[in-house]
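Structure below is query38.txt: compact mmCIF, C-alpha atoms and all ligand atoms.
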```
# COMPACT_ATOMS: atom_id res chain seq x y z
CA MET R 109 194.25 144.72 25.61
CA ARG R 110 192.78 145.68 28.91
CA ILE R 111 189.95 148.07 29.77
CA GLU R 112 190.02 150.28 32.85
CA ILE R 113 186.73 151.79 33.97
CA ILE R 114 187.13 155.28 35.43
CA LYS R 115 184.28 156.89 37.29
CA CYS R 116 184.02 160.61 36.58
CA LEU R 117 181.81 163.48 37.70
CA LYS R 118 178.57 162.25 39.31
CA ASP R 119 177.73 159.16 37.26
CA ASN R 120 179.90 159.24 34.12
CA PHE R 121 182.21 156.52 32.89
CA SER R 122 185.41 157.19 31.03
CA TYR R 123 187.39 154.21 29.78
CA LEU R 124 191.02 153.48 29.13
CA ILE R 125 191.82 150.87 26.52
CA ILE R 126 195.37 149.76 27.15
CA ASP R 127 197.81 147.85 24.96
CA GLU R 128 199.53 145.82 27.65
CA GLN R 129 202.57 145.09 25.51
CA ASN R 130 203.75 148.68 25.52
CA ASN R 131 201.41 150.41 28.01
CA SER R 132 200.08 152.80 25.39
CA ALA R 133 196.45 153.80 25.90
CA CYS R 134 193.42 155.54 24.46
CA VAL R 135 190.79 157.20 26.61
CA ILE R 136 187.15 157.13 25.60
CA ASP R 137 185.14 160.23 26.59
CA PRO R 138 187.27 161.85 29.29
CA SER R 139 184.63 163.72 31.29
CA GLU R 140 187.30 165.46 33.32
CA ALA R 141 191.08 165.31 33.34
CA SER R 142 192.10 164.56 36.92
CA PRO R 143 190.77 161.00 37.39
CA ILE R 144 192.29 160.09 34.02
CA ILE R 145 195.64 161.61 34.97
CA ASP R 146 195.59 159.66 38.25
CA HIS R 147 195.20 156.37 36.36
CA VAL R 148 197.75 157.24 33.71
CA GLU R 149 200.35 158.08 36.36
CA LYS R 150 199.51 155.10 38.57
CA PHE R 151 199.89 152.56 35.77
CA LYS R 152 202.68 154.50 33.98
CA LEU R 153 200.70 154.62 30.74
CA ASN R 154 201.52 156.42 27.55
CA LEU R 155 198.21 158.13 26.77
CA LYS R 156 198.14 158.65 23.01
CA PHE R 157 194.56 159.27 21.90
CA ILE R 158 191.22 160.63 23.08
CA LEU R 159 188.20 159.07 21.38
CA ASN R 160 185.01 161.10 21.77
CA THR R 161 181.53 159.67 21.15
CA HIS R 162 179.83 163.08 21.10
CA HIS R 163 180.29 166.71 22.03
CA HIS R 164 178.47 166.99 25.38
CA PHE R 165 180.54 168.57 28.15
CA ASP R 166 180.47 165.46 30.31
CA HIS R 167 182.22 163.52 27.53
CA ILE R 168 184.80 166.05 26.34
CA GLY R 169 185.52 167.97 29.55
CA GLY R 170 189.05 166.58 29.87
CA ASN R 171 190.11 167.04 26.24
CA LYS R 172 191.99 170.29 26.56
CA GLU R 173 193.94 169.57 29.71
CA LEU R 174 194.85 166.00 28.68
CA LYS R 175 196.02 167.11 25.26
CA LYS R 176 198.20 169.78 26.79
CA LYS R 177 199.69 167.42 29.33
CA TYR R 178 200.28 164.35 27.13
CA ASN R 179 200.54 165.84 23.65
CA LEU R 180 197.98 163.33 22.43
CA LYS R 181 195.60 163.36 19.48
CA VAL R 182 191.84 163.87 19.74
CA ILE R 183 189.57 161.79 17.53
CA GLY R 184 185.90 162.34 16.68
CA PHE R 185 183.20 162.41 14.04
CA GLU R 186 183.94 164.64 11.04
CA LYS R 187 180.56 166.38 11.20
CA ASP R 188 181.18 167.31 14.84
CA LYS R 189 184.58 168.87 14.25
CA GLU R 190 183.31 172.31 15.24
CA ARG R 191 181.96 171.02 18.54
CA ILE R 192 184.63 168.63 19.79
CA PRO R 193 187.37 170.67 21.45
CA GLU R 194 190.94 170.15 20.24
CA ILE R 195 189.95 167.63 17.56
CA ASP R 196 192.86 166.43 15.37
CA ILE R 197 191.62 163.36 13.52
CA THR R 198 188.15 163.30 11.98
CA LEU R 199 186.45 160.05 11.03
CA LYS R 200 183.59 159.29 8.67
CA ASP R 201 180.69 156.91 9.23
CA LYS R 202 181.90 153.29 8.96
CA GLU R 203 185.54 154.34 8.74
CA ILE R 204 188.18 152.13 10.34
CA TRP R 205 190.89 153.90 12.32
CA LYS R 206 194.08 152.09 13.24
CA SER R 207 197.22 152.91 15.17
CA ASN R 208 199.48 150.02 16.21
CA LYS R 209 197.25 147.56 18.09
CA PHE R 210 194.33 149.97 18.36
CA GLU R 211 191.85 149.28 15.62
CA THR R 212 188.25 150.46 15.68
CA LYS R 213 185.38 151.05 13.30
CA ILE R 214 183.05 153.95 13.92
CA TYR R 215 179.34 154.09 13.24
CA HIS R 216 177.21 157.21 13.08
CA ILE R 217 174.31 156.67 15.50
CA PRO R 218 172.34 159.94 15.66
CA GLY R 219 169.44 160.63 18.02
CA HIS R 220 170.93 161.73 21.33
CA THR R 221 172.97 164.25 19.34
CA SER R 222 173.17 164.68 15.58
CA GLY R 223 176.84 163.71 15.52
CA HIS R 224 176.93 160.81 17.97
CA ILE R 225 179.16 157.86 17.06
CA CYS R 226 180.09 154.55 18.64
CA TYR R 227 183.47 152.83 18.51
CA HIS R 228 183.58 149.15 17.70
CA PHE R 229 186.86 147.47 18.66
CA PHE R 230 186.02 144.44 16.54
CA ASN R 231 189.16 142.46 17.39
CA GLN R 232 188.19 142.58 21.07
CA ASN R 233 184.40 142.42 20.59
CA ILE R 234 183.91 145.68 22.44
CA LEU R 235 181.53 148.53 21.67
CA PHE R 236 181.66 151.98 23.29
CA THR R 237 178.13 153.35 22.97
CA GLY R 238 178.38 156.73 24.74
CA ASP R 239 174.92 158.12 25.51
CA THR R 240 173.05 156.18 22.82
CA LEU R 241 172.70 152.75 24.42
CA PHE R 242 172.89 152.41 28.20
CA SER R 243 172.53 149.22 30.13
CA LEU R 244 168.73 148.73 30.28
CA GLY R 245 168.14 152.13 28.73
CA CYS R 246 168.95 154.54 25.95
CA GLY R 247 169.88 158.19 25.75
CA ARG R 248 167.46 161.06 25.69
CA ILE R 249 166.67 162.39 22.25
CA PHE R 250 168.13 165.89 22.23
CA GLU R 251 168.94 166.64 18.62
CA GLY R 252 167.48 163.82 16.56
CA THR R 253 164.13 162.25 15.88
CA TYR R 254 162.54 159.14 17.38
CA GLU R 255 163.08 157.44 14.02
CA GLN R 256 166.81 158.22 14.10
CA MET R 257 167.26 156.96 17.65
CA PHE R 258 165.23 153.84 16.88
CA SER R 259 167.30 153.04 13.81
CA SER R 260 170.57 153.74 15.69
CA LEU R 261 169.46 151.17 18.27
CA GLN R 262 168.58 148.72 15.48
CA LEU R 263 172.12 149.09 14.21
CA ILE R 264 173.54 148.36 17.67
CA LYS R 265 171.28 145.29 17.90
CA SER R 266 172.99 143.86 14.84
CA PHE R 267 176.37 143.44 16.57
CA PRO R 268 177.31 139.92 17.72
CA GLU R 269 175.50 138.87 20.89
CA ASN R 270 178.69 138.40 22.87
CA THR R 271 179.81 142.00 22.18
CA LYS R 272 180.70 143.78 25.41
CA ILE R 273 179.02 147.17 25.84
CA TYR R 274 180.70 150.04 27.64
CA CYS R 275 178.37 153.05 27.90
CA GLY R 276 178.67 156.62 29.11
CA HIS R 277 176.81 156.57 32.43
CA GLU R 278 175.98 154.47 35.47
CA TYR R 279 172.21 154.71 35.03
CA THR R 280 171.58 150.97 35.18
CA LEU R 281 169.59 150.65 38.41
CA LYS R 282 167.25 153.53 37.61
CA ASN R 283 166.82 152.12 34.10
CA ALA R 284 166.09 148.70 35.60
CA GLU R 285 163.26 150.15 37.69
CA PHE R 286 161.70 151.55 34.53
CA CYS R 287 162.14 148.30 32.56
CA ILE R 288 160.60 146.10 35.24
CA LYS R 289 157.60 148.40 35.51
CA HIS R 290 156.78 147.75 31.85
CA ASP R 291 158.04 144.17 31.56
CA LYS R 292 157.37 142.67 34.97
CA ASP R 293 157.30 138.98 34.01
CA ASN R 294 160.65 139.02 32.20
CA SER R 295 162.70 136.41 34.08
CA ALA R 296 165.99 137.42 32.41
CA LEU R 297 165.39 140.98 33.59
CA ILE R 298 164.58 139.83 37.12
CA GLU R 299 167.89 137.91 37.22
CA LYS R 300 169.81 140.84 35.77
CA ILE R 301 168.40 143.19 38.42
CA LYS R 302 169.66 140.85 41.13
CA SER R 303 173.15 140.88 39.68
CA ILE R 304 173.07 144.67 39.21
CA LYS R 305 172.16 145.21 42.86
CA LYS R 306 174.89 142.85 43.99
CA LYS R 307 177.51 144.70 41.94
CA LEU R 308 176.40 148.10 43.21
CA ASP R 309 176.21 146.89 46.83
CA ASN R 310 179.82 145.76 46.52
CA GLY R 311 180.92 149.06 45.02
CA PHE R 312 181.41 147.74 41.47
CA PRO R 313 180.16 149.29 38.24
CA THR R 314 177.34 147.46 36.41
CA ILE R 315 179.36 147.80 33.19
CA PRO R 316 180.16 146.07 30.89
CA THR R 317 176.91 144.57 29.74
CA THR R 318 176.50 142.56 26.55
CA ILE R 319 174.33 142.75 23.45
CA LYS R 320 172.72 139.45 24.51
CA GLU R 321 171.77 140.74 27.97
CA GLU R 322 170.39 143.96 26.50
CA LEU R 323 168.38 142.08 23.86
CA ASP R 324 166.90 139.99 26.66
CA CYS R 325 166.26 142.79 29.15
CA ASN R 326 166.33 146.31 27.67
CA ILE R 327 162.77 147.35 26.75
CA PHE R 328 164.02 150.03 24.38
CA LEU R 329 165.90 147.43 22.36
CA ARG R 330 162.93 145.10 22.62
CA SER R 331 160.51 147.67 21.13
CA LYS R 332 159.16 146.24 17.90
CA ASP R 333 158.48 149.50 16.10
CA VAL R 334 159.18 153.21 16.33
CA GLY R 335 155.69 153.90 17.70
CA SER R 336 156.08 151.76 20.80
CA PHE R 337 159.67 152.92 21.20
CA SER R 338 158.57 156.59 21.15
CA LYS R 339 155.93 155.98 23.82
CA LEU R 340 158.46 154.36 26.13
CA ARG R 341 160.99 157.12 25.51
CA ASP R 342 158.39 159.77 26.47
CA LEU R 343 157.41 157.84 29.60
CA LYS R 344 161.06 157.50 30.58
CA ASP R 345 161.64 161.24 30.20
CA ASN R 346 159.14 161.77 33.02
CA PHE R 347 160.04 158.73 35.11
ZN ZN T 401 175.33 163.18 26.16
FE FE T 402 176.44 162.09 28.99
```
Starting from the file, lay out its structure as C-alpha cells.
Amino acid sequence: MRIEIIKCLKDNFSYLIIDEQNNSACVIDPSEASPIIDHVEKFKLNLKFILNTHHHFDHIGGNKELKKKYNLKVIGFEKDKERIPEIDITLKDKEIWKSNKFETKIYHIPGHTSGHICYHFFNQNILFTGDTLFSLGCGRIFEGTYEQMFSSLQLIKSFPENTKIYCGHEYTLKNAEFCIKHDKDNSALIEKIKSIKKKLDNGFPTIPTTIKEELDCNIFLRSKDVGSFSKLRDLKDNF
C-alpha cells in the first residue's frame, strides 16, 4: 500500500491509498475532482472508492464528478447519509469495512461536526483524522460540544504511538505558533517546529505526523481536562 498526498483548494489535503499490486485506489476526502483526476490518470489507477470523513464542502466537493467519471462507490457515516453527496455505503461507529486489500475501521469522533468519523487502516497503522485532529491542532467545534471534541481526541490518543496521522488541512505552521506560545519550554515542540519549517521551505507537506509526536507537542492533546481544553480552543478561535 502506498499513500499519495494531493494538495487541493487553498490548504486541503486529499489522499489516495493505493494497492500497488493491482493499482486500485481509494480517495479520502476529495475536496475537488481535478487534482484527483490528474493523479489517477498519471499513475493509471483504478479509483474504486471515496471515503469521506465528514460533510463539509472542502471534503466532499469532488464526490459527484469523480463518481460520474469512475463509477466508484462513496462511503461515509450512516448518520450523515443525508449530507454526504452520492453516498452508497453507510458505516456504523466501530464498523470494519473491507474490499480486497483495503480494510479500515471507522470511529465516530463528533465535535467538529456531529457526524465526523476517522478511518483507521489498522494493517498499515494509518489514521485519517479529517478536521478533528490536525498536526499540532484540532478542528473548530462547529456542531458539537467541548466535551464531545475532548473525548474524540481522547479516543485518538489511544491509538498506538507509531500510528501515522493524515489530516484534512495544512495548518501545521500556524498551529505550531499557537502551541509554542502556550508551551514555550517544550523541547520536543521546538524540534518539531524546526522540522516543519524545513519541510515547508522545501515545498513538502508537514504530513504525516504520528500519535507520538502529537502526544509530545500538540497542546490540545496534552490538555488534562475538558476545562483547560475549552480555554485553549477559545483562544485558538481568536488567534
Ligand atoms: Zn470541516
Ligand atoms: Fe475542512
- Message: Counting all atoms listed in the file, I want the residues whose atoms come within 9 Å of (186.7, 154.6, 28.6) in the file frame, returned as a count of residues only.
- Response: 19
- Residues up to 12 Å from ligand ZN 401 (chain T), counting only C-alpha atoms and all ligand atoms: could you list those as a PyMOL selection string? chain R and resi 120-121+137+139+160-169+218-225+237-242+246-251+275-277
- Of the candidates R:Ser331, R:Tyr279, R:Leu244, R:Glu299, which one gets nearest to ligand FE 402 (chain T) if we count all atoms listed in the file? R:Tyr279
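Comparing the minimum interatomic distances between Pro268 (chain R) and each of R:Lys282, R:Lys302, R:Lys181, R:His228, counting all atoms listed in the file, we find that R:His228 sits nearest.
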- Task: Enter the distance from CA of Glu149 (chain R) to CA of Leu199 (chain R), in Å, rounded to one decimal.
- Result: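 Computing it gives 29.0 Å between the two atoms.
Between CA of Met257 (chain R) and CA of Asn231 (chain R) there is a distance of 26.3 Å.
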- Task: Identify, on the basis of all atoms listed in the file, every residue whose closest approach to Asn179 (chain R) does not exceed 9 Å; exclude the query and any residue fewer than 4 positions from it along the same chain; express the result as an MDAnalysis selection string.
- Result: chainID R and resid 155:156 174:175
- Item | Which residue of R:Tyr178, R:Phe328, R:Trp205, R:Tyr215 approaches Ala141 (chain R) most closely, using all atoms listed in the file |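 Selected residue with least distance to Ala141 (chain R): R:Tyr178.
Restricting the calculation to only C-alpha atoms and all ligand atoms, the smallest distance between ligand FE 402 (chain T) and any of R:Glu278, R:Ile304, R:Ile204, R:Val182 is found for R:Glu278.
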- Find, counting only C-alpha atoms and all ligand atoms, the residue in R:Ile264, R:Leu117, R:Met109, R:Leu153 that gets nearest to ligand FE 402 (chain T). R:Leu117
- Provide the CA of Lys289 (chain R) to CA of Leu340 (chain R) distance in Å, to one decimal place.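 These two atoms are separated by 11.1 Å.
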Would you kindly return, as an mmCIF file with C-alpha atoms, in the frame of the given file, each protein, DNA or RNA residue with an atom no farther than 8 Å from any atom of Asp127 (chain R), considering only C-alpha atoms and excluding same-chain residues fewer than 6 positions away?
```cif
data_model
loop_
_atom_site.group_PDB
_atom_site.id
_atom_site.type_symbol
_atom_site.label_atom_id
_atom_site.label_comp_id
_atom_site.auth_asym_id
_atom_site.auth_seq_id
_atom_site.Cartn_x
_atom_site.Cartn_y
_atom_site.Cartn_z
ATOM 1 C CA MET R 109 194.250 144.720 25.610
ATOM 2 C CA ARG R 110 192.780 145.680 28.910
ATOM 3 C CA ALA R 133 196.450 153.800 25.900
ATOM 4 C CA LYS R 209 197.250 147.560 18.090
ATOM 5 C CA PHE R 210 194.330 149.970 18.360
#
```
- Message: Ranking R:Phe347, R:Phe151, R:Tyr227, R:Phe157 by minimum distance to Lys272 (chain R) and counting all atoms listed in the file, which one comes first?
- Response: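 The shortest atom-to-atom distance to Lys272 (chain R) comes from R:Tyr227.
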Give me the residues within 12 Å of His290 (chain R) as a PDB file with C-alpha atoms, keeping the file's coordinate frame, counting only C-alpha atoms and dropping any in the same chain fewer than 5 places off.
```pdb
ATOM      1  CA  ASN R 283     166.820 152.120  34.100  1.00  0.00           C
ATOM      2  CA  ALA R 284     166.090 148.700  35.600  1.00  0.00           C
ATOM      3  CA  GLU R 285     163.260 150.150  37.690  1.00  0.00           C
ATOM      4  CA  LEU R 297     165.390 140.980  33.590  1.00  0.00           C
ATOM      5  CA  CYS R 325     166.260 142.790  29.150  1.00  0.00           C
ATOM      6  CA  ASN R 326     166.330 146.310  27.670  1.00  0.00           C
ATOM      7  CA  ILE R 327     162.770 147.350  26.750  1.00  0.00           C
ATOM      8  CA  PHE R 328     164.020 150.030  24.380  1.00  0.00           C
ATOM      9  CA  ARG R 330     162.930 145.100  22.620  1.00  0.00           C
ATOM     10  CA  SER R 331     160.510 147.670  21.130  1.00  0.00           C
ATOM     11  CA  SER R 336     156.080 151.760  20.800  1.00  0.00           C
ATOM     12  CA  LYS R 339     155.930 155.980  23.820  1.00  0.00           C
ATOM     13  CA  LEU R 340     158.460 154.360  26.130  1.00  0.00           C
ATOM     14  CA  LEU R 343     157.410 157.840  29.600  1.00  0.00           C
ATOM     15  CA  LYS R 344     161.060 157.500  30.580  1.00  0.00           C
ATOM     16  CA  PHE R 347     160.040 158.730  35.110  1.00  0.00           C
TER      17      PHE R 347
END
```
- Message: Which residues are near Thr271 (chain R)? Cut-off 8 Å, all atoms listed in the file, ignore same chain within fewer than 5 positions. Put them as a PyMOL selection string.
- Response: chain R and resi 233-235+318-320
Export of prior selection with C-alpha atoms as an mmCIF file, keeping the file's coordinate frame:
```cif
data_model
loop_
_atom_site.group_PDB
_atom_site.id
_atom_site.type_symbol
_atom_site.label_atom_id
_atom_site.label_comp_id
_atom_site.auth_asym_id
_atom_site.auth_seq_id
_atom_site.Cartn_x
_atom_site.Cartn_y
_atom_site.Cartn_z
ATOM 1 C CA ASN R 233 184.400 142.420 20.590
ATOM 2 C CA ILE R 234 183.910 145.680 22.440
ATOM 3 C CA LEU R 235 181.530 148.530 21.670
ATOM 4 C CA THR R 318 176.500 142.560 26.550
ATOM 5 C CA ILE R 319 174.330 142.750 23.450
ATOM 6 C CA LYS R 320 172.720 139.450 24.510
#
```
